[in-house]
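A quick write-up on the structure given underneath.
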Amino acid sequence: MADRNVVRLHDDDNVAVALRALGAGEHVALNGRHVQLQADIPAGHKVAIADIACGARVCKYRQTIGVALRDISAGEHVHVHNVGMPARHEQGRTEEGALGLSVDAPLSDAFMGFVRPDGSVGTRNFIGVIASVNCSASVCHAIADAFKGDAMTSFGNVDGVVAITHQSGCGMSSTGDGIALLRRTLLGYARSPNFAAVLLVGLGCEVNQVDALIESLEPAGACPVKTLVIQEQGGARETIRSGIEIVRGLLDVADRSVRTTVPASKLKLGLQCGGSDGYSGMTANPALGVAVDLLVRNGGTAILSETPEIYGAEHLLTARAASNEVAERLLEKLRWWERYAAAGGGELNNNPSPGNKAGGITTILEKSLGAVSKGGASPLNAVYDYADPVREAGLVFMDTPGYDPVSATGQIAGGANLICFTTGRGSVFGSKPVPTIKVATTTALFERMPSDMDFDSGPIVDGALSVEEAGRQLFRLILAVASGQRTCSEMNGIGDREFVPWLQGAVM
């Protein structure tokens with residue numbers, strides 16, 4: 001008889017996950033065997049269901065999530081105090097752990113989107129005011145702020161005017177990876193199909209010149225692009241006045257855009273998880289994986305990212321890579337991150353945050369195994385650098401940090417027109433011009449933060465929904481949001497300050 005107080009995710013696991021807070025002395029039953037708890041077990045945390053010898057593997061999802069730092073008895077709380085990383089993590093391509101490739105028949109779902117001149121499709125219809133440099137950030141916000149509230153009542157087909165600003169663009173080398181990465185990210189936003197038009201604003205003397213950005217944009221881009229340079233306009237006030245007049249004209253053009261029916265293959269979905277907990281790999285992430293497989297069957301694209309957070313679970317991706325080249329490219333990204341972390345005196349296993357650990361995640365291996373499940377079971381078709389334009393359909397990977405705003409910024413720059421973000425602790429992230437759907441791992445979180453969570457995957461824990469049923473429901477929500485249904489973060493007005501490009505190189 002199943003015990004609804006704990007769940008064992010695979011018959012080979014030597015730990016189970018508490019579905020509620022359990023007290024020392026309680027008994028739990030698994031496969032007819034009763035285990036008495038030797039300590040309090042918080043909800044989402046792990047309990048040993050068999051004796052685990054010092055140095056032996058700790059297994060969850062039928063995968064190694066760490067090794068015992070001492071002998072662990074059945075009934076003990078299994079967490080950071082008695083579990084650590086293996087002495088060395090070996091990377092490689094292996095068939096072990098392959099989830100099985102999606103071979104179901106293609107689908108023909110659709111949504112209502114904004115078709116742009118270059119054939120790309122927006123899920124929203126914004127005007128963007130983009131800063132080339134931090135020195136023009138305040139001017140950009142002043143221009144965008146002029147179109148808050150009642151100023152937009154005459155433009156029913158436009159979602160708003162958003163300032164895209166950052167803290168770089170000067171004090172850096174005019175050559176090298178740093179400036180190239182910043183420009184690639186800004187250009188990706190300028191090309192976003194969720195922008196009907198863009199105004200680029202520079203100071204005039206910065207390293208990241210507006211003219212250089214314009215020269216890199218394709219003539220037949222997704223939207224019209226205008227420019228202003230503060231020093232040429234005569235100062236901040238003059239530039240704000242000119243910018244407001246330019247945006248008014250762009251709004252007239254943008255308001256002529258209307259939603260039309262387009263195939264779901266036009267969706268590019270960025271996959272994010274943040275504030276993860278012990279339920280993330282059991283509910284929200286695998287449900288999102290089912291939705292991803294449905295999107296891929298429709299010919300759409302899903303972008304998995306956060307490279308430090310697939311560390312230890314990369315074999316689940318390389319086992320289904322479309323080619324040896326794709327697998328090796330992913331492994332090289334992980335090797336780079338190992339070197340990068342070591343150069344700063346760190347290690348990738350420092351990744352689980354205090355909130356992750358409080359939610360029951362013990363090691364990066366455990367976190368990564370749950371995070372990878374967001375990618376479903378489809379083949380991995382390509383691996384991209386940060387903010388590179390995503391051109392292949394299906395499941396792809398983009399190299400990004402694990403920090404959610406930086407990672408999502410790279411995905412949007414790469415062409416994502418929708419973000420799906422799973423959370424167990426309760427992230428309030430949102431993004432513009434691309435809407436973010438937030439998926440709660442538990443009903444308790446969904447009810448505790450109802451104005452921030454869009455989807456409740458908690459019924460999976462309760463047995464009221466299967467992972468597959470929840471995934472299908474989430475996919476329908478994805479199509480509805482792509483068609484204009486507002487997310488919680490949109491209703492909360494979040495997203496104007498969440499553009500955070502990955503900054504590299506010396507600040508001089």
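Each chain of the structure tokens is named A, B, ... in the order shown, its residues numbered from 1; ligands are numbered from 1 in display order.
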
Near-Val15 of chain A list (7 Å; only C-alpha atoms; drop same-chain fewer than 2 positions) as JSON, numbers by chain: {"A": [8, 13, 17, 46, 47, 48, 49, 59, 60]}

Requested write-out: N, CA and C atoms of the selected residues, as a PDB file, in the first residue's frame:
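The resulting file, part-v6.pdb, is shown below:
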```
ATOM      1  N   ARG A   8       8.847   7.476  -3.217  1.00  0.00           N
ATOM      2  CA  ARG A   8      10.108   6.950  -3.732  1.00  0.00           C
ATOM      3  C   ARG A   8      10.008   7.014  -5.248  1.00  0.00           C
ATOM      4  N   ASP A  13      16.032   3.659  -5.769  1.00  0.00           N
ATOM      5  CA  ASP A  13      16.441   4.764  -4.896  1.00  0.00           C
ATOM      6  C   ASP A  13      16.586   4.288  -3.451  1.00  0.00           C
ATOM      7  N   VAL A  17      11.163  11.070  -0.675  1.00  0.00           N
ATOM      8  CA  VAL A  17      10.908  12.496  -0.466  1.00  0.00           C
ATOM      9  C   VAL A  17       9.650  12.664   0.369  1.00  0.00           C
ATOM     10  N   LYS A  46      14.576  14.755   2.015  1.00  0.00           N
ATOM     11  CA  LYS A  46      14.789  13.329   1.790  1.00  0.00           C
ATOM     12  C   LYS A  46      14.985  12.580   3.105  1.00  0.00           C
ATOM     13  N   VAL A  47      14.500  11.344   3.123  1.00  0.00           N
ATOM     14  CA  VAL A  47      14.708  10.441   4.243  1.00  0.00           C
ATOM     15  C   VAL A  47      15.310   9.145   3.704  1.00  0.00           C
ATOM     16  N   ALA A  48      16.297   8.590   4.420  1.00  0.00           N
ATOM     17  CA  ALA A  48      16.891   7.314   4.026  1.00  0.00           C
ATOM     18  C   ALA A  48      15.869   6.201   4.272  1.00  0.00           C
ATOM     19  N   ILE A  49      15.654   5.375   3.288  1.00  0.00           N
ATOM     20  CA  ILE A  49      14.725   4.251   3.442  1.00  0.00           C
ATOM     21  C   ILE A  49      15.474   2.936   3.568  1.00  0.00           C
ATOM     22  N   CYS A  59      20.965   7.749  -3.932  1.00  0.00           N
ATOM     23  CA  CYS A  59      20.281   7.665  -5.223  1.00  0.00           C
ATOM     24  C   CYS A  59      18.863   8.216  -5.151  1.00  0.00           C
ATOM     25  N   LYS A  60      18.542   9.071  -6.116  1.00  0.00           N
ATOM     26  CA  LYS A  60      17.206   9.621  -6.320  1.00  0.00           C
ATOM     27  C   LYS A  60      17.002   9.711  -7.828  1.00  0.00           C
TER      28      LYS A  60
END
```

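Taking only C-alpha atoms into account, Ala482 of chain A lies nearest to A:Leu418 out of the set A:Leu200, A:Met172, A:Leu418, A:Ala18.
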
Please identify which residues in segment 292-334 of chain A DSSP calls strand (DSSP E) from the backbone, and express them as a PyMOL selection string. chain A and resi 301-304

Can you spit out the residues from that selection as a PDB file, in the first residue's frame, using N, CA and C atoms?
```pdb
ATOM      1  N   THR A 301      10.014  25.281 -30.973  1.00  0.00           N
ATOM      2  CA  THR A 301      11.372  25.276 -30.424  1.00  0.00           C
ATOM      3  C   THR A 301      11.313  25.508 -28.921  1.00  0.00           C
ATOM      4  N   ALA A 302      12.117  24.757 -28.174  1.00  0.00           N
ATOM      5  CA  ALA A 302      12.268  24.954 -26.736  1.00  0.00           C
ATOM      6  C   ALA A 302      13.751  25.132 -26.433  1.00  0.00           C
ATOM      7  N   ILE A 303      14.075  26.158 -25.650  1.00  0.00           N
ATOM      8  CA  ILE A 303      15.470  26.512 -25.361  1.00  0.00           C
ATOM      9  C   ILE A 303      15.771  26.190 -23.898  1.00  0.00           C
ATOM     10  N   LEU A 304      16.518  25.117 -23.672  1.00  0.00           N
ATOM     11  CA  LEU A 304      17.001  24.763 -22.339  1.00  0.00           C
ATOM     12  C   LEU A 304      18.308  25.504 -22.100  1.00  0.00           C
TER      13      LEU A 304
END
```

Set the distance at 7 Å and use only C-alpha atoms: which residues neighbour Ile419 of chain A once local chain neighbours fewer than 2 positions away are removed? I'd like the list as a ChimeraX atom specification. /A:269-271,421,434-437

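The smallest atom-to-atom distance between Ala87 of chain A and any of A:Gly169, A:Gln485, A:Asn349, A:Asn14, using only C-alpha atoms, is found for A:Asn349.
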
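Reported to one decimal place, the separation of atom CA of Glu309 of chain A from atom CA of Arg191 of chain A is 28.1 Å.
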
Neighbouring residues of Arg248 of chain A were defined as those with any atom within 12 Å, considering only C-alpha atoms; residues of the same chain fewer than 2 positions away were excluded. Please report them as a list in words. Ile127, Ile143, Ala144, Ala146, Phe147, Ala151, Met152, Ser154, Phe155, Val158, Gly160, Val161, Ala197, Val198, Leu199, Arg241, Ser242, Gly243, Ile244, Glu245, Ile246, Leu250, Leu251, Asp252, Val253, Ala254 and Asp255 of chain A

Kindly export the residues of the current selection with N, CA and C atoms, as a short mmCIF file (atom, residue, chain, number, x, y, z; two decimals), in the first residue's frame.
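Below you can see result_3.cif, which holds the result:
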```cif
data_model
loop_
_atom_site.label_atom_id
_atom_site.label_comp_id
_atom_site.auth_asym_id
_atom_site.auth_seq_id
_atom_site.Cartn_x
_atom_site.Cartn_y
_atom_site.Cartn_z
N ILE A 127 6.58 48.52 -28.06
CA ILE A 127 7.61 49.42 -28.58
C ILE A 127 8.79 49.36 -27.61
N ILE A 143 11.53 58.43 -21.47
CA ILE A 143 10.73 58.33 -22.70
C ILE A 143 9.63 57.29 -22.52
N ALA A 144 10.01 56.10 -22.01
CA ALA A 144 9.02 55.03 -21.83
C ALA A 144 7.96 55.42 -20.80
N ALA A 146 6.63 58.17 -20.25
CA ALA A 146 5.63 59.10 -20.80
C ALA A 146 4.42 58.36 -21.37
N PHE A 147 4.55 57.05 -21.51
CA PHE A 147 3.47 56.26 -22.11
C PHE A 147 2.87 55.26 -21.13
N ALA A 151 -2.00 57.21 -21.29
CA ALA A 151 -1.35 57.58 -22.56
C ALA A 151 -1.49 56.49 -23.61
N MET A 152 -1.82 55.25 -23.19
CA MET A 152 -1.92 54.14 -24.15
C MET A 152 -3.36 53.82 -24.52
N SER A 154 -5.43 55.03 -26.51
CA SER A 154 -5.77 55.14 -27.94
C SER A 154 -5.11 54.05 -28.78
N PHE A 155 -4.29 53.21 -28.15
CA PHE A 155 -3.54 52.21 -28.91
C PHE A 155 -3.87 50.81 -28.38
N VAL A 158 -1.51 47.71 -28.86
CA VAL A 158 -0.12 47.78 -28.41
C VAL A 158 -0.07 47.46 -26.91
N GLY A 160 2.42 48.15 -24.84
CA GLY A 160 3.11 49.14 -24.03
C GLY A 160 4.43 49.57 -24.63
N VAL A 161 5.08 50.48 -23.93
CA VAL A 161 6.42 50.96 -24.31
C VAL A 161 7.35 50.57 -23.17
N ALA A 197 8.36 47.98 -33.01
CA ALA A 197 9.32 49.00 -33.43
C ALA A 197 10.25 49.29 -32.27
N VAL A 198 11.43 49.86 -32.59
CA VAL A 198 12.46 50.08 -31.58
C VAL A 198 13.08 51.46 -31.77
N LEU A 199 13.37 52.13 -30.64
CA LEU A 199 14.15 53.35 -30.63
C LEU A 199 15.44 53.07 -29.87
N ARG A 241 12.27 64.80 -25.22
CA ARG A 241 11.19 65.37 -26.04
C ARG A 241 11.16 64.73 -27.42
N SER A 242 12.33 64.62 -28.05
CA SER A 242 12.40 64.01 -29.39
C SER A 242 11.98 62.55 -29.34
N GLY A 243 12.42 61.85 -28.29
CA GLY A 243 12.08 60.44 -28.16
C GLY A 243 10.59 60.20 -28.01
N ILE A 244 9.94 61.06 -27.25
CA ILE A 244 8.49 60.92 -27.07
C ILE A 244 7.77 61.12 -28.40
N GLU A 245 8.21 62.11 -29.20
CA GLU A 245 7.58 62.33 -30.51
C GLU A 245 7.81 61.14 -31.43
N ILE A 246 9.03 60.58 -31.42
CA ILE A 246 9.32 59.42 -32.27
C ILE A 246 8.45 58.24 -31.86
N LEU A 250 5.73 55.82 -33.85
CA LEU A 250 5.87 54.37 -33.92
C LEU A 250 4.63 53.66 -33.39
N LEU A 251 3.98 54.27 -32.40
CA LEU A 251 2.76 53.68 -31.86
C LEU A 251 1.65 53.64 -32.91
N ASP A 252 1.56 54.66 -33.70
CA ASP A 252 0.56 54.66 -34.78
C ASP A 252 0.78 53.48 -35.71
N VAL A 253 2.05 53.21 -36.02
CA VAL A 253 2.37 52.07 -36.90
C VAL A 253 2.08 50.75 -36.20
N ALA A 254 2.52 50.64 -34.93
CA ALA A 254 2.35 49.39 -34.19
C ALA A 254 0.89 49.05 -33.97
N ASP A 255 0.06 50.06 -33.81
CA ASP A 255 -1.35 49.81 -33.52
C ASP A 255 -2.09 49.20 -34.70
#
```

Give me the segment 380-414 of chain A side of the contact with segment 287-297 of chain A, cut-off 10 Å, one line per residue showing its nearest atom pair and distance in Å at one decimal, counting only C-alpha atoms, sorted by chain and residue number, as a tab-separated table.
```
residue	atom	partner	partner_atom	distance
A:Ala393	CA	A:Val296	CA	7.6
A:Gly394	CA	A:Val296	CA	5.0
A:Leu395	CA	A:Val296	CA	6.9
```

Find the distance between atom CA of Cys223 of chain A and atom CA of Phe195 of chain A and write it in Å to one decimal. 6.8 Å

Can you tell me which residues surround Gly275 of chain A at a distance of at most 8 Å, considering only C-alpha atoms, apart from same-chain residues fewer than 4 positions away, and format the answer as a PyMOL selection string? chain A and resi 355-356+423-427

Residue subset to file, keeping N, CA and C atoms, as a tab-separated table (two decimals), in the first residue's frame:
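Saved to out_21.tsv:
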```
chain	number	residue	atom	x	y	z
A	355	GLY	N	18.20	29.02	-0.45
A	355	GLY	CA	16.78	28.70	-0.63
A	355	GLY	C	16.58	27.31	-1.20
A	356	ASN	N	17.42	26.92	-2.17
A	356	ASN	CA	17.35	25.56	-2.71
A	356	ASN	C	17.52	24.53	-1.61
A	423	THR	N	9.08	27.16	-10.34
A	423	THR	CA	9.63	27.62	-9.07
A	423	THR	C	8.99	26.87	-7.91
A	424	GLY	N	9.82	26.56	-6.92
A	424	GLY	CA	9.33	25.89	-5.73
A	424	GLY	C	9.30	26.78	-4.51
A	425	ARG	N	10.23	27.73	-4.46
A	425	ARG	CA	10.29	28.64	-3.31
A	425	ARG	C	9.45	29.89	-3.53
A	426	GLY	N	9.22	30.24	-4.83
A	426	GLY	CA	8.35	31.37	-5.11
A	426	GLY	C	9.02	32.54	-5.77
A	427	SER	N	9.53	32.38	-6.99
A	427	SER	CA	10.13	33.50	-7.72
A	427	SER	C	9.03	34.46	-8.19
```

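Nearest residue to Asn285 of chain A among A:Ala180, A:Leu474, A:Ala319, A:Leu107 is A:Leu474, counting only C-alpha atoms.
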
Test item: residues at most 6 Å from segment 321-332 of chain A, only C-alpha atoms, excluding those fewer than 6 positions along its chain, as a VMD selection string: chain A and resid 379 to 382
